[in-house]
>>> print(open('target.cif').read())   # mmCIF, C-alpha atoms
data_query
loop_
_atom_site.label_atom_id
_atom_site.label_comp_id
_atom_site.auth_asym_id
_atom_site.auth_seq_id
_atom_site.Cartn_x
_atom_site.Cartn_y
_atom_site.Cartn_z
CA MET N 1176 -54.17 50.01 5.80
CA ARG N 1177 -57.69 48.73 5.10
CA PHE N 1178 -58.67 48.83 1.44
CA SER N 1179 -61.08 46.22 0.08
CA PRO N 1180 -62.52 47.29 -3.30
CA LYS N 1181 -65.03 45.02 -5.01
CA ILE N 1182 -65.73 45.14 -8.75
CA TYR N 1183 -69.11 44.34 -10.27
CA ASN N 1184 -70.18 44.40 -13.90
CA LEU N 1185 -73.62 45.76 -14.68
CA GLY N 1186 -73.64 45.04 -18.38
CA LYS N 1187 -70.71 47.03 -19.75
CA LEU N 1188 -70.66 49.41 -16.79
CA ARG N 1189 -67.97 48.55 -14.26
CA VAL N 1190 -68.83 49.38 -10.64
CA VAL N 1191 -66.22 49.64 -7.87
CA LEU N 1192 -67.49 49.48 -4.29
CA VAL N 1193 -65.11 50.42 -1.47
CA PRO N 1194 -66.67 49.78 1.96
CA GLU N 1195 -65.39 52.09 4.69
CA ASP N 1196 -66.64 52.78 8.21
CA ARG N 1197 -67.26 56.52 7.93
CA GLU N 1198 -70.22 58.89 8.15
CA SER N 1199 -70.12 59.90 4.49
CA VAL N 1200 -70.54 58.30 1.09
CA THR N 1201 -68.96 59.50 -2.13
CA VAL N 1202 -70.36 58.49 -5.50
CA ARG N 1203 -68.10 59.19 -8.44
CA VAL N 1204 -68.07 58.47 -12.15
CA MET N 1205 -64.88 58.51 -14.22
CA ILE N 1206 -65.22 58.67 -17.99
CA GLY N 1207 -62.43 57.72 -20.38
CA THR N 1208 -62.62 60.81 -22.54
CA GLY N 1209 -61.44 64.39 -22.46
CA SER N 1210 -60.12 67.17 -24.62
CA ARG N 1211 -57.97 64.85 -26.70
CA GLU N 1212 -61.10 63.25 -28.18
CA GLU N 1213 -62.14 66.56 -29.80
CA THR N 1214 -61.43 67.95 -33.24
CA ASP N 1215 -60.11 71.51 -33.50
CA LYS N 1216 -63.66 72.64 -34.27
CA GLU N 1217 -64.98 70.84 -31.17
CA ALA N 1218 -62.20 72.15 -28.90
CA GLY N 1219 -63.53 72.76 -25.40
CA SER N 1220 -66.59 70.51 -25.79
CA ALA N 1221 -65.70 68.16 -22.93
CA HIS N 1222 -65.01 71.02 -20.53
CA PHE N 1223 -68.16 72.90 -21.60
CA LEU N 1224 -70.18 69.72 -21.11
CA GLU N 1225 -68.69 69.25 -17.64
CA HIS N 1226 -70.20 72.61 -16.67
CA PHE N 1227 -73.45 72.31 -18.55
CA VAL N 1228 -74.77 68.93 -17.38
CA PHE N 1229 -75.46 70.52 -13.98
CA LYS N 1230 -77.85 73.10 -15.50
CA GLY N 1231 -80.71 70.62 -15.68
CA THR N 1232 -81.52 66.92 -15.98
CA ARG N 1233 -84.73 64.96 -16.49
CA LYS N 1234 -85.33 64.60 -12.74
CA PHE N 1235 -83.73 67.94 -11.78
CA PRO N 1236 -84.95 70.08 -14.70
CA LYS N 1237 -84.37 73.63 -13.46
CA MET N 1238 -81.09 75.52 -13.46
CA PHE N 1239 -80.43 75.31 -9.70
CA ASP N 1240 -82.17 72.02 -8.91
CA VAL N 1241 -78.98 69.96 -8.65
CA ASN N 1242 -77.23 72.62 -6.55
CA GLU N 1243 -80.20 72.88 -4.18
CA ALA N 1244 -80.59 69.10 -3.86
CA VAL N 1245 -76.96 68.81 -2.76
CA GLU N 1246 -76.78 71.84 -0.50
CA LYS N 1247 -80.09 71.20 1.29
CA VAL N 1248 -78.53 68.14 2.89
CA GLY N 1249 -75.08 69.71 3.41
CA GLY N 1250 -73.42 67.73 0.65
CA ALA N 1251 -70.72 68.63 -1.83
CA PHE N 1252 -70.24 68.03 -5.54
CA ASN N 1253 -67.78 68.82 -8.27
CA ALA N 1254 -66.49 67.77 -11.66
CA TYR N 1255 -63.31 68.03 -13.72
CA THR N 1256 -62.04 67.62 -17.26
CA GLY N 1257 -58.58 66.56 -18.36
CA SER N 1258 -56.98 65.46 -21.61
CA ASN N 1259 -57.64 61.80 -20.90
CA GLU N 1260 -60.64 61.68 -18.59
CA MET N 1261 -63.62 63.44 -17.04
CA GLY N 1262 -65.08 62.97 -13.58
CA PHE N 1263 -68.24 63.81 -11.62
CA TRP N 1264 -68.76 63.22 -7.90
CA VAL N 1265 -71.18 63.84 -5.07
CA LYS N 1266 -70.37 63.44 -1.36
CA MET N 1267 -73.11 63.28 1.29
CA ASP N 1268 -74.03 62.00 4.70
CA LYS N 1269 -74.38 58.22 4.41
CA SER N 1270 -78.13 58.42 4.96
CA HIS N 1271 -78.38 60.15 1.57
CA VAL N 1272 -76.54 57.55 -0.50
CA GLY N 1273 -79.62 57.17 -2.69
CA LEU N 1274 -79.75 60.87 -3.49
CA ALA N 1275 -76.02 61.00 -4.24
CA THR N 1276 -76.38 58.07 -6.63
CA GLU N 1277 -79.41 59.67 -8.27
CA ILE N 1278 -77.66 62.99 -8.90
CA VAL N 1279 -74.51 61.45 -10.38
CA GLY N 1280 -76.64 59.14 -12.48
CA GLN N 1281 -78.69 62.03 -13.80
CA VAL N 1282 -75.82 64.28 -14.89
CA VAL N 1283 -74.10 61.50 -16.85
CA THR N 1284 -77.18 59.84 -18.36
CA GLU N 1285 -80.02 62.37 -18.74
CA PRO N 1286 -78.78 65.97 -18.89
CA VAL N 1287 -81.20 68.40 -20.54
CA LEU N 1288 -78.51 70.74 -21.96
CA PRO N 1289 -80.98 73.66 -21.94
CA LYS N 1290 -80.58 76.05 -24.85
CA GLU N 1291 -81.93 78.98 -22.82
CA HIS N 1292 -78.89 78.82 -20.52
CA PHE N 1293 -76.29 78.00 -23.17
CA ASP N 1294 -75.05 81.53 -23.94
CA LYS N 1295 -74.77 82.38 -20.24
CA GLU N 1296 -72.60 79.34 -19.65
CA ARG N 1297 -70.53 80.17 -22.73
CA GLY N 1298 -69.91 83.60 -21.16
CA THR N 1299 -68.81 81.98 -17.89
CA ILE N 1300 -66.38 79.69 -19.67
CA LEU N 1301 -64.94 82.50 -21.79
CA GLU N 1302 -64.30 84.43 -18.58
CA GLU N 1303 -62.55 81.37 -17.19
CA LEU N 1304 -60.40 81.25 -20.32
CA TYR N 1305 -59.55 84.96 -20.02
CA MET N 1306 -58.72 84.47 -16.35
CA TYR N 1307 -56.18 81.77 -17.18
CA GLU N 1308 -54.85 83.88 -20.05
CA ASP N 1309 -54.23 86.76 -17.64
CA ARG N 1310 -52.35 84.63 -15.12
CA PRO N 1311 -48.67 84.39 -16.06
CA ASP N 1312 -48.23 80.95 -14.51
CA SER N 1313 -51.30 79.51 -16.26
CA LYS N 1314 -50.21 81.03 -19.57
CA ALA N 1315 -46.70 79.62 -19.21
CA ALA N 1316 -48.12 76.16 -18.44
CA GLU N 1317 -50.42 76.28 -21.48
CA GLU N 1318 -47.65 77.38 -23.85
CA CYS N 1319 -45.27 74.78 -22.45
CA GLU N 1320 -47.77 72.00 -23.19
CA LYS N 1321 -48.13 73.31 -26.74
CA LEU N 1322 -44.36 73.05 -27.17
CA LEU N 1323 -44.25 69.62 -25.56
CA TYR N 1324 -47.07 67.93 -27.49
CA GLY N 1325 -46.97 70.00 -30.67
CA LYS N 1326 -49.93 70.50 -32.97
CA THR N 1327 -51.85 67.50 -31.65
CA ASN N 1328 -54.99 67.09 -29.55
CA MET N 1329 -52.72 66.76 -26.51
CA GLY N 1330 -51.15 70.14 -27.23
CA ARG N 1331 -54.44 72.02 -27.37
CA PRO N 1332 -55.85 73.76 -24.25
CA ILE N 1333 -58.46 71.68 -22.43
CA ILE N 1334 -60.77 74.67 -22.16
CA GLY N 1335 -60.74 75.21 -25.93
CA THR N 1336 -60.07 78.45 -27.80
CA VAL N 1337 -61.97 81.72 -28.10
CA LYS N 1338 -62.80 80.79 -31.69
CA SER N 1339 -64.08 77.29 -30.89
CA LEU N 1340 -66.07 78.45 -27.85
CA LYS N 1341 -67.76 81.27 -29.72
CA ALA N 1342 -68.78 78.84 -32.45
CA MET N 1343 -69.91 76.13 -30.00
CA THR N 1344 -73.51 74.88 -30.18
CA VAL N 1345 -75.73 72.80 -27.95
CA GLU N 1346 -75.88 70.25 -30.77
CA GLN N 1347 -72.10 69.86 -30.63
CA LEU N 1348 -72.25 69.16 -26.91
CA ARG N 1349 -75.04 66.66 -27.39
CA SER N 1350 -73.03 64.92 -30.12
CA TYR N 1351 -69.95 64.67 -27.88
CA PHE N 1352 -72.10 63.39 -25.02
CA GLU N 1353 -73.80 60.73 -27.14
CA LYS N 1354 -70.47 59.58 -28.57
CA TRP N 1355 -68.41 59.21 -25.40
CA PHE N 1356 -70.77 58.90 -22.41
CA VAL N 1357 -71.33 55.18 -22.95
CA ALA N 1358 -71.21 52.36 -20.40
CA GLU N 1359 -68.07 50.77 -21.82
CA ASN N 1360 -66.22 54.06 -21.37
CA MET N 1361 -67.21 54.64 -17.72
CA VAL N 1362 -66.37 53.37 -14.28
CA LEU N 1363 -68.67 54.12 -11.34
CA GLY N 1364 -67.48 54.03 -7.75
CA VAL N 1365 -68.95 54.31 -4.28
CA VAL N 1366 -66.87 54.67 -1.11
CA GLY N 1367 -68.08 54.83 2.48
CA ASP N 1368 -70.75 53.22 4.62
CA TYR N 1369 -73.20 52.61 1.77
CA GLY N 1370 -74.94 49.55 3.27
CA LYS N 1371 -75.19 46.14 1.64
CA ASP N 1372 -73.66 45.61 -1.78
CA GLU N 1373 -76.85 44.28 -3.31
CA GLU N 1374 -78.81 47.31 -2.10
CA ILE N 1375 -76.45 49.91 -3.59
CA LEU N 1376 -76.21 47.88 -6.81
CA GLU N 1377 -80.01 47.99 -7.13
CA LYS N 1378 -79.90 51.79 -6.68
CA ILE N 1379 -77.23 52.02 -9.38
CA LYS N 1380 -79.26 49.86 -11.77
CA LYS N 1381 -82.22 52.17 -11.26
CA GLU N 1382 -80.40 55.50 -11.60
CA PHE N 1383 -78.12 54.43 -14.46
CA ALA N 1384 -80.79 52.51 -16.35
CA PRO N 1385 -80.59 54.72 -19.50
CA LEU N 1386 -76.90 53.88 -19.74
CA LEU N 1387 -77.29 50.18 -19.02
CA ASP N 1388 -80.04 49.76 -21.60
CA GLU N 1389 -78.01 51.26 -24.45
CA LYS N 1390 -76.12 49.14 -26.98
CA LYS N 1391 -73.66 51.84 -28.10
CA ILE N 1392 -70.19 50.86 -29.26
CA LEU N 1393 -67.21 52.83 -28.00
CA PRO N 1394 -65.51 54.69 -30.89
CA GLU N 1395 -61.80 54.41 -31.53
CA LYS N 1396 -59.85 56.85 -29.41
CA ASP N 1397 -57.18 59.38 -30.32
CA LYS N 1398 -53.69 57.93 -30.70
CA PHE N 1399 -50.62 59.95 -29.78
CA SER N 1400 -46.98 59.38 -30.63
CA TRP N 1401 -44.00 61.62 -30.04
CA ASP N 1402 -42.40 63.43 -32.94
CA LYS N 1403 -38.64 63.63 -33.22
CA GLN N 1404 -37.13 66.33 -31.02
CA LEU N 1405 -33.47 67.16 -31.55
CA GLU N 1406 -33.08 70.30 -29.44
CA PRO N 1407 -34.84 72.23 -26.67
CA ARG N 1408 -38.05 74.04 -27.60
CA ILE N 1409 -38.27 77.51 -26.08
CA LYS N 1410 -40.96 80.18 -26.24
CA LEU N 1411 -41.17 83.68 -24.74
CA ILE N 1412 -44.47 85.45 -24.11
CA SER N 1413 -43.52 89.09 -23.46
CA ARG N 1414 -45.57 90.83 -20.76
CA LYS N 1415 -45.09 93.71 -18.36
CA VAL N 1416 -45.04 91.64 -15.17
CA GLU N 1417 -42.87 91.76 -12.06
CA GLN N 1418 -41.87 88.08 -12.09
CA ALA N 1419 -40.80 85.62 -14.73
CA ALA N 1420 -43.24 82.72 -14.83
CA ILE N 1421 -41.58 79.63 -16.23
CA TYR N 1422 -42.69 76.11 -17.05
CA MET N 1423 -40.16 73.51 -18.10
CA ALA N 1424 -41.28 70.08 -19.33
CA PHE N 1425 -39.47 66.84 -20.14
CA ARG N 1426 -40.98 63.96 -22.10
CA GLY N 1427 -41.94 61.24 -19.65
CA ILE N 1428 -43.59 57.82 -19.55
CA LYS N 1429 -47.18 56.59 -19.94
CA MET N 1430 -49.36 55.53 -17.01
CA THR N 1431 -49.10 51.79 -17.66
CA ASP N 1432 -45.30 51.83 -17.66
CA GLU N 1433 -44.07 49.84 -14.65
CA ARG N 1434 -41.37 52.45 -14.15
CA ARG N 1435 -44.08 54.78 -12.85
CA PHE N 1436 -43.09 53.74 -9.32
CA ALA N 1437 -39.52 54.88 -9.97
CA LEU N 1438 -40.97 58.09 -11.44
CA GLU N 1439 -42.87 58.79 -8.21
CA LEU N 1440 -39.61 58.64 -6.26
CA LEU N 1441 -37.67 60.58 -8.87
CA ASN N 1442 -40.22 63.38 -8.69
CA ILE N 1443 -39.99 63.57 -4.88
CA ILE N 1444 -36.21 63.87 -5.05
CA TYR N 1445 -36.37 66.34 -7.94
CA GLY N 1446 -38.93 68.95 -7.02
CA ASP N 1447 -41.94 67.70 -5.06
CA GLY N 1448 -41.56 68.91 -1.48
CA TRP N 1449 -39.31 70.74 0.93
CA MET N 1450 -36.55 68.11 0.78
CA SER N 1451 -36.33 68.22 -3.02
CA ARG N 1452 -33.36 69.49 -4.98
CA LEU N 1453 -35.22 72.33 -6.63
CA MET N 1454 -36.84 73.61 -3.44
CA ARG N 1455 -33.56 73.52 -1.54
CA GLU N 1456 -31.31 74.97 -4.21
CA VAL N 1457 -33.57 77.50 -5.94
CA ARG N 1458 -35.76 78.69 -3.07
CA GLU N 1459 -33.93 78.03 0.20
CA GLU N 1460 -30.26 78.39 -0.72
CA ARG N 1461 -30.62 81.27 -3.19
CA GLY N 1462 -34.00 82.85 -2.45
CA TRP N 1463 -34.87 82.94 -6.15
CA ALA N 1464 -38.46 81.67 -5.85
CA TYR N 1465 -41.38 81.65 -3.47
CA ALA N 1466 -42.94 78.74 -5.36
CA ILE N 1467 -41.16 76.08 -7.36
CA ARG N 1468 -42.43 72.54 -7.80
CA SER N 1469 -42.28 69.57 -10.12
CA GLY N 1470 -45.03 67.12 -11.01
CA ALA N 1471 -45.59 64.13 -13.27
CA ASP N 1472 -48.43 63.89 -15.79
CA GLN N 1473 -49.22 60.44 -17.15
CA PHE N 1474 -51.66 59.46 -19.87
CA THR N 1475 -52.48 56.24 -21.69
CA ASP N 1476 -49.80 56.77 -24.32
CA ALA N 1477 -47.55 59.61 -23.12
CA GLY N 1478 -46.42 61.54 -20.09
CA SER N 1479 -44.25 64.37 -18.86
CA LEU N 1480 -42.31 65.68 -15.90
CA ILE N 1481 -42.96 69.40 -15.43
CA VAL N 1482 -41.42 72.16 -13.34
CA GLY N 1483 -43.22 75.41 -12.62
CA ALA N 1484 -41.72 78.44 -10.90
CA GLY N 1485 -42.03 82.16 -10.41
CA LEU N 1486 -38.56 83.74 -10.63
CA PRO N 1487 -37.02 87.23 -10.23
CA LYS N 1488 -36.67 89.00 -13.57
CA ASN N 1489 -32.97 89.59 -13.07
CA LYS N 1490 -32.24 85.97 -12.06
CA LEU N 1491 -33.97 84.12 -14.88
CA LYS N 1492 -30.78 83.17 -16.72
CA GLU N 1493 -29.01 81.85 -13.62
CA ALA N 1494 -32.09 80.02 -12.37
CA VAL N 1495 -32.90 78.27 -15.65
CA GLU N 1496 -29.29 77.20 -16.10
CA LEU N 1497 -29.20 75.86 -12.52
CA ILE N 1498 -32.49 73.97 -12.92
CA THR N 1499 -31.17 72.49 -16.17
CA GLU N 1500 -27.88 71.48 -14.54
CA ILE N 1501 -29.71 69.81 -11.63
CA SER N 1502 -32.12 68.05 -13.95
CA VAL N 1503 -29.51 66.61 -16.30
CA GLY N 1504 -27.25 65.73 -13.37
CA LEU N 1505 -29.71 63.55 -11.48
CA GLY N 1506 -28.83 60.51 -13.58
CA GLY N 1507 -25.17 60.77 -12.59
CA GLY N 1508 -21.97 62.36 -13.76
CA ASN N 1509 -21.85 65.43 -11.54
CA LYS N 1510 -22.55 66.61 -7.98
CA TRP N 1511 -26.32 66.49 -8.52
CA GLU N 1512 -26.55 62.72 -8.99
CA ILE N 1513 -29.06 60.89 -6.78
CA LYS N 1514 -27.57 59.44 -3.59
CA GLU N 1515 -28.53 56.21 -1.81
CA ASN N 1516 -29.86 58.01 1.25
CA GLU N 1517 -32.03 60.25 -0.94
CA LEU N 1518 -33.71 57.22 -2.47
CA GLN N 1519 -34.53 55.84 0.98
CA ILE N 1520 -35.85 59.21 2.16
CA ALA N 1521 -38.05 59.38 -0.95
CA LYS N 1522 -39.46 55.91 -0.20
CA ASP N 1523 -40.23 56.90 3.41
CA CYS N 1524 -41.83 60.12 2.19
CA PHE N 1525 -43.95 58.26 -0.35
CA ARG N 1526 -45.12 55.78 2.30
CA GLY N 1527 -46.33 58.60 4.55
CA ARG N 1528 -48.05 60.44 1.71
CA LEU N 1529 -49.75 57.24 0.61
CA ALA N 1530 -51.19 56.75 4.09
CA LEU N 1531 -52.56 60.30 4.09
CA THR N 1532 -53.97 59.87 0.58
CA PHE N 1533 -55.86 56.73 1.53
CA ASP N 1534 -57.34 58.56 4.49
CA LYS N 1535 -59.40 60.67 2.05
CA PRO N 1536 -62.43 58.95 0.51
CA GLN N 1537 -62.31 60.89 -2.77
CA GLU N 1538 -58.65 59.93 -3.22
CA VAL N 1539 -59.33 56.29 -2.37
CA LEU N 1540 -62.06 56.17 -4.98
CA GLY N 1541 -60.05 58.13 -7.53
CA SER N 1542 -57.18 55.67 -7.28
CA ALA N 1543 -59.47 52.66 -7.66
CA LEU N 1544 -61.36 54.12 -10.61
CA GLU N 1545 -58.24 55.21 -12.47
CA ASP N 1546 -56.70 51.78 -12.05
CA THR N 1547 -59.90 50.11 -13.28
CA LEU N 1548 -60.38 52.41 -16.26
CA PHE N 1549 -56.79 52.57 -17.49
CA ARG N 1550 -54.80 49.72 -15.91
CA GLU N 1551 -57.40 46.94 -15.62
CA LYS N 1552 -56.16 46.20 -12.09
CA ILE N 1553 -56.71 47.94 -8.77
CA TYR N 1554 -53.49 48.34 -6.82
CA SER N 1555 -53.80 48.16 -3.04
CA PRO N 1556 -51.59 50.41 -0.86
CA GLU N 1557 -49.58 47.31 0.05
CA GLU N 1558 -49.00 46.45 -3.62
CA ILE N 1559 -48.03 50.02 -4.39
CA MET N 1560 -45.50 50.07 -1.55
CA LYS N 1561 -44.12 46.70 -2.61
CA ASN N 1562 -43.38 48.15 -6.04
CA ILE N 1563 -41.95 51.31 -4.51
CA GLU N 1564 -39.59 49.32 -2.26
CA LYS N 1565 -38.34 47.35 -5.28
CA VAL N 1566 -37.03 50.49 -7.01
CA SER N 1567 -33.23 50.38 -7.03
CA MET N 1568 -30.59 53.05 -7.54
CA ASP N 1569 -29.98 51.71 -11.06
CA ASP N 1570 -33.72 51.93 -11.79
CA ILE N 1571 -34.07 55.55 -10.74
CA ARG N 1572 -30.80 56.73 -12.27
CA ASP N 1573 -31.57 55.03 -15.59
CA LEU N 1574 -35.01 56.67 -15.66
CA ALA N 1575 -33.46 60.06 -14.83
CA LYS N 1576 -30.98 59.64 -17.70
CA GLU N 1577 -33.81 58.82 -20.09
CA ILE N 1578 -36.08 61.70 -19.09
CA PHE N 1579 -33.67 64.52 -18.26
CA ARG N 1580 -31.99 65.20 -21.58
CA ARG N 1581 -31.40 68.69 -22.90
CA GLU N 1582 -32.88 67.86 -26.29
CA ASN N 1583 -35.94 66.52 -24.44
CA MET N 1584 -36.90 69.90 -22.95
CA SER N 1585 -39.68 72.37 -23.63
CA ILE N 1586 -39.56 75.76 -21.89
CA ALA N 1587 -42.12 78.56 -21.85
CA VAL N 1588 -41.48 81.89 -20.15
CA VAL N 1589 -43.94 84.71 -19.50
CA GLY N 1590 -42.01 87.82 -18.54
CA ASP N 1591 -40.87 91.34 -19.25
CA TYR N 1592 -38.20 90.50 -21.83
CA LYS N 1593 -37.59 91.16 -25.49
CA LYS N 1594 -35.53 87.99 -25.82
CA LEU N 1595 -34.18 85.18 -23.65
CA ASN N 1596 -30.46 84.84 -23.02
CA PHE N 1597 -30.10 81.64 -21.00
CA LYS N 1598 -28.17 78.68 -22.35
CA ILE N 1599 -29.48 75.11 -22.34
#
>>> encode(input="target.cif", output="structure tokens")
Amino acid sequence: MRFSPKIYNLGKLRVVLVPEDRESVTVRVMIGTGSREETDKEAGSAHFLEHFVFKGTRKFPKMFDVNEAVEKVGGAFNAYTGSNEMGFWVKMDKSHVGLATEIVGQVVTEPVLPKEHFDKERGTILEELYMYEDRPDSKAAEECEKLLYGKTNMGRPIIGTVKSLKAMTVEQLRSYFEKWFVAENMVLGVVGDYGKDEEILEKIKKEFAPLLDEKKILPEKDKFSWDKQLEPRIKLISRKVEQAAIYMAFRGIKMTDERRFALELLNIIYGDGWMSRLMREVREERGWAYAIRSGADQFTDAGSLIVGAGLPKNKLKEAVELITEISVGLGGGNKWEIKENELQIAKDCFRGRLALTFDKPQEVLGSALEDTLFREKIYSPEEIMKNIEKVSMDDIRDLAKEIFRRENMSIAVVGDYKKLNFKI
């Protein structure tokens, strides 16, 4: 599969160019900051800023100017905020590569942050918070992360709290922006038929000039370390709902750990897809869930393997005990241990998914930018598959034994119960 990224340094700003023969171009910035770089008082600043930079910039000063500039040419744009990173992207017809570069450059270098629109945006974000609060699955996920990461920046909701959002000011957002939106903390990428390298680099120099001219030093980032956990952490949020929403998390590994390739395969076998243990046993064999899935989160210094499911109220005990038995058994010692043929199926599955992923320009760019920002090396699909093929049965079983321990679990349940009666 063709993948030829090129890295250029424009001062402290790293630029990744990925030439592809397609009709579109995608320009994307990834910033190495997120909710974990906030104090409790600042909680929600990164997410608020993600919204608010689109409400006006120096070149697009009015509230809808960015939206109109994108939609007039049939383009698309979006942004996101996580614990570890933020991202902003614009995708357009290749003839508009200059405009796409200009818009991304503007929102990350010269946002106005207009005070006259601040309270309206605060209202929008509070409604988003209330929406997640009202959804049992979202609430279970939030409470599970609090159990998992404890009273740390990693355990706090990305969106912030009602208290922090109501006290938020434009000055706080500006302070967060000035502190973290610096060249050393960013990676810019372009994928598609963008023309000659030197031409797109000149466009980037022009549109990101305010960033390139600055001499700011990147502050020290938040450091996380696990506390000592000796038994499962369990929390019930009682609500009058028809289902039991459950999230179960295990402490995992960080994104630079070379065992991440084994983790990808372990997750496929465990709960990521129709062939997985959890989908087969909980949904198909017993009919206890419409949706059940596992996923791995990885950060610079921590990670987790998480299961989310919606379960019948009267089957919660049996389902949780089964999921626990399957989880703990994957490393060996009972009928749930991983088999040789399952490992090969997982490798074949991963290979196919990788091909589909690298068929999407945003995913191609996302992979290259994440590698550049956090791993200092861009992995090609061939290199990824080489590492996947090297994973042995001992590798995956040892990792399963390390991750899937009963004392390593955090469980949050949103449901119509006064107490929980399952055994871990």
>>> closest_atom_pairs(input="target.cif", of="segment 1310-1416 of chain N", to="segment 1475-1493 of chain N", cutoff="8 Å", atoms="only C-alpha atoms", output="CSV")
residue,atom,partner,partner_atom,distance
N:Asp1312,CA,N:Gly1485,CA,7.5
N:Ala1316,CA,N:Gly1483,CA,7.6
N:Lys1398,CA,N:Asp1476,CA,7.6
N:Phe1399,CA,N:Asp1476,CA,6.4
N:Ser1400,CA,N:Asp1476,CA,7.4
>>> residues_around(input="target.cif", residues="Asp1388 of chain N", least_positions_apart="4", cutoff="9 Å", atoms="all atoms listed in the file", output="ChimeraX atom specification")
/N:1186,1383-1384
>>> resolve_selection(input="target.cif", expression="the PyMOL selection byres ((chain N and resi 1428) around 10)", output="list in words")
Phe1425, Arg1426, Gly1427, Lys1429, Met1430, Thr1431, Asp1432, Glu1433, Arg1434, Arg1435, Leu1438, Ala1471, Asp1472, Gln1473, Phe1474, Thr1475, Asp1476, Ala1477, Gly1478, Ser1479, Leu1480, Leu1574, Glu1577 and Ile1578 of chain N
>>> write_last_selection(input="target.cif", atoms="C-alpha atoms", output="CSV table (one decimal), keeping the file's coordinate frame")
chain,number,residue,atom,x,y,z
N,1425,PHE,CA,-39.5,66.8,-20.1
N,1426,ARG,CA,-41.0,64.0,-22.1
N,1427,GLY,CA,-41.9,61.2,-19.6
N,1429,LYS,CA,-47.2,56.6,-19.9
N,1430,MET,CA,-49.4,55.5,-17.0
N,1431,THR,CA,-49.1,51.8,-17.7
N,1432,ASP,CA,-45.3,51.8,-17.7
N,1433,GLU,CA,-44.1,49.8,-14.6
N,1434,ARG,CA,-41.4,52.4,-14.2
N,1435,ARG,CA,-44.1,54.8,-12.8
N,1438,LEU,CA,-41.0,58.1,-11.4
N,1471,ALA,CA,-45.6,64.1,-13.3
N,1472,ASP,CA,-48.4,63.9,-15.8
N,1473,GLN,CA,-49.2,60.4,-17.2
N,1474,PHE,CA,-51.7,59.5,-19.9
N,1475,THR,CA,-52.5,56.2,-21.7
N,1476,ASP,CA,-49.8,56.8,-24.3
N,1477,ALA,CA,-47.6,59.6,-23.1
N,1478,GLY,CA,-46.4,61.5,-20.1
N,1479,SER,CA,-44.2,64.4,-18.9
N,1480,LEU,CA,-42.3,65.7,-15.9
N,1574,LEU,CA,-35.0,56.7,-15.7
N,1577,GLU,CA,-33.8,58.8,-20.1
N,1578,ILE,CA,-36.1,61.7,-19.1
>>> resolve_selection(input="target.cif", expression="the PyMOL selection byres ((chain N and resi 1392-1395) around 8)", output="MDAnalysis selection string")
chainID N and resid 1354:1355 1357 1359:1360 1390:1391 1396:1397
>>> resolve_selection(input="target.cif", expression="the PyMOL selection byres ((chain N and resi 1562) around 12)", output="list in words")
Glu1433, Arg1434, Arg1435, Phe1436, Ala1437, Leu1438, Glu1439, Leu1440, Lys1522, Phe1525, Arg1526, Tyr1554, Ser1555, Pro1556, Glu1557, Glu1558, Ile1559, Met1560, Lys1561, Ile1563, Glu1564, Lys1565, Val1566, Ser1567 and Asp1570 of chain N
>>> atom_distance(input="target.cif", atom1="atom CA of Lys1593 of chain N", atom2="atom CA of Ile1412 of chain N")
9.0 Å
>>> closest_atom_pairs(input="target.cif", of="segment 1271-1301 of chain N", to="segment 1332-1336 of chain N", cutoff="12 Å", atoms="all atoms listed in the file", output="tab-separated table")
residue	atom	partner	partner_atom	distance
N:Arg1297	CA	N:Ile1334	CA	11.2
N:Thr1299	CA	N:Ile1334	CA	11.7
N:Ile1300	CA	N:Ile1334	CA	7.9
N:Leu1301	CA	N:Thr1336	CA	8.7
>>> closest_residue(input="target.cif", among="N:Val1337, N:Met1343, N:Leu1531, N:Val1416", to="Phe1293 of chain N", atoms="all atoms listed in the file")
N:Met1343
>>> atom_distance(input="target.cif", atom1="atom CA of Glu1377 of chain N", atom2="atom CA of Gly1280 of chain N")
12.8 Å
>>> closest_residue(input="target.cif", among="N:Arg1458, N:Arg1550, N:His1271, N:Lys1415", to="Asp1309 of chain N", atoms="only C-alpha atoms")
N:Lys1415
>>> residues_around(input="target.cif", residues="Leu1323 of chain N", least_positions_apart="2", cutoff="7 Å", atoms="all atoms listed in the file", output="JSON, numbers by chain")
{"N": [1319, 1320, 1321, 1325, 1424, 1585]}
>>> closest_residue(input="target.cif", among="N:Val1589, N:Met1329, N:Ile1571, N:Val1287", to="Asn1259 of chain N", atoms="all atoms listed in the file")
N:Met1329
>>> closest_atom_pairs(input="target.cif", of="segment 1233-1311 of chain N", to="segment 1190-1213 of chain N", cutoff="10 Å", atoms="only C-alpha atoms", output="tab-separated table")
residue	atom	partner	partner_atom	distance
N:Gly1250	CA	N:Ser1199	CA	9.3
N:Ala1251	CA	N:Thr1201	CA	9.3
N:Phe1252	CA	N:Thr1201	CA	9.3
N:Asn1253	CA	N:Arg1203	CA	9.6
N:Ala1254	CA	N:Arg1203	CA	9.3
N:Tyr1255	CA	N:Gly1209	CA	9.7
N:Thr1256	CA	N:Gly1209	CA	6.2
N:Gly1257	CA	N:Gly1209	CA	5.4
N:Ser1258	CA	N:Gly1209	CA	4.7
N:Asn1259	CA	N:Gly1209	CA	4.9
N:Glu1260	CA	N:Thr1208	CA	4.5
N:Met1261	CA	N:Ile1206	CA	5.1
N:Gly1262	CA	N:Met1205	CA	4.5
N:Phe1263	CA	N:Val1204	CA	5.4
N:Trp1264	CA	N:Arg1203	CA	4.1
N:Val1265	CA	N:Val1202	CA	5.4
N:Lys1266	CA	N:Thr1201	CA	4.3
N:Met1267	CA	N:Ser1199	CA	5.5
N:Asp1268	CA	N:Ser1199	CA	4.4
N:Lys1269	CA	N:Ser1199	CA	4.6
N:Ser1270	CA	N:Ser1199	CA	8.2
N:His1271	CA	N:Val1200	CA	8.1
N:Val1272	CA	N:Val1200	CA	6.3
N:Gly1273	CA	N:Val1202	CA	9.8
N:Leu1274	CA	N:Val1202	CA	9.9
N:Ala1275	CA	N:Val1202	CA	6.3
N:Thr1276	CA	N:Val1202	CA	6.1
N:Glu1277	CA	N:Val1202	CA	9.5
N:Ile1278	CA	N:Val1202	CA	9.2
N:Val1279	CA	N:Val1202	CA	7.1
N:Gly1280	CA	N:Val1204	CA	8.6
N:Val1283	CA	N:Val1204	CA	8.2
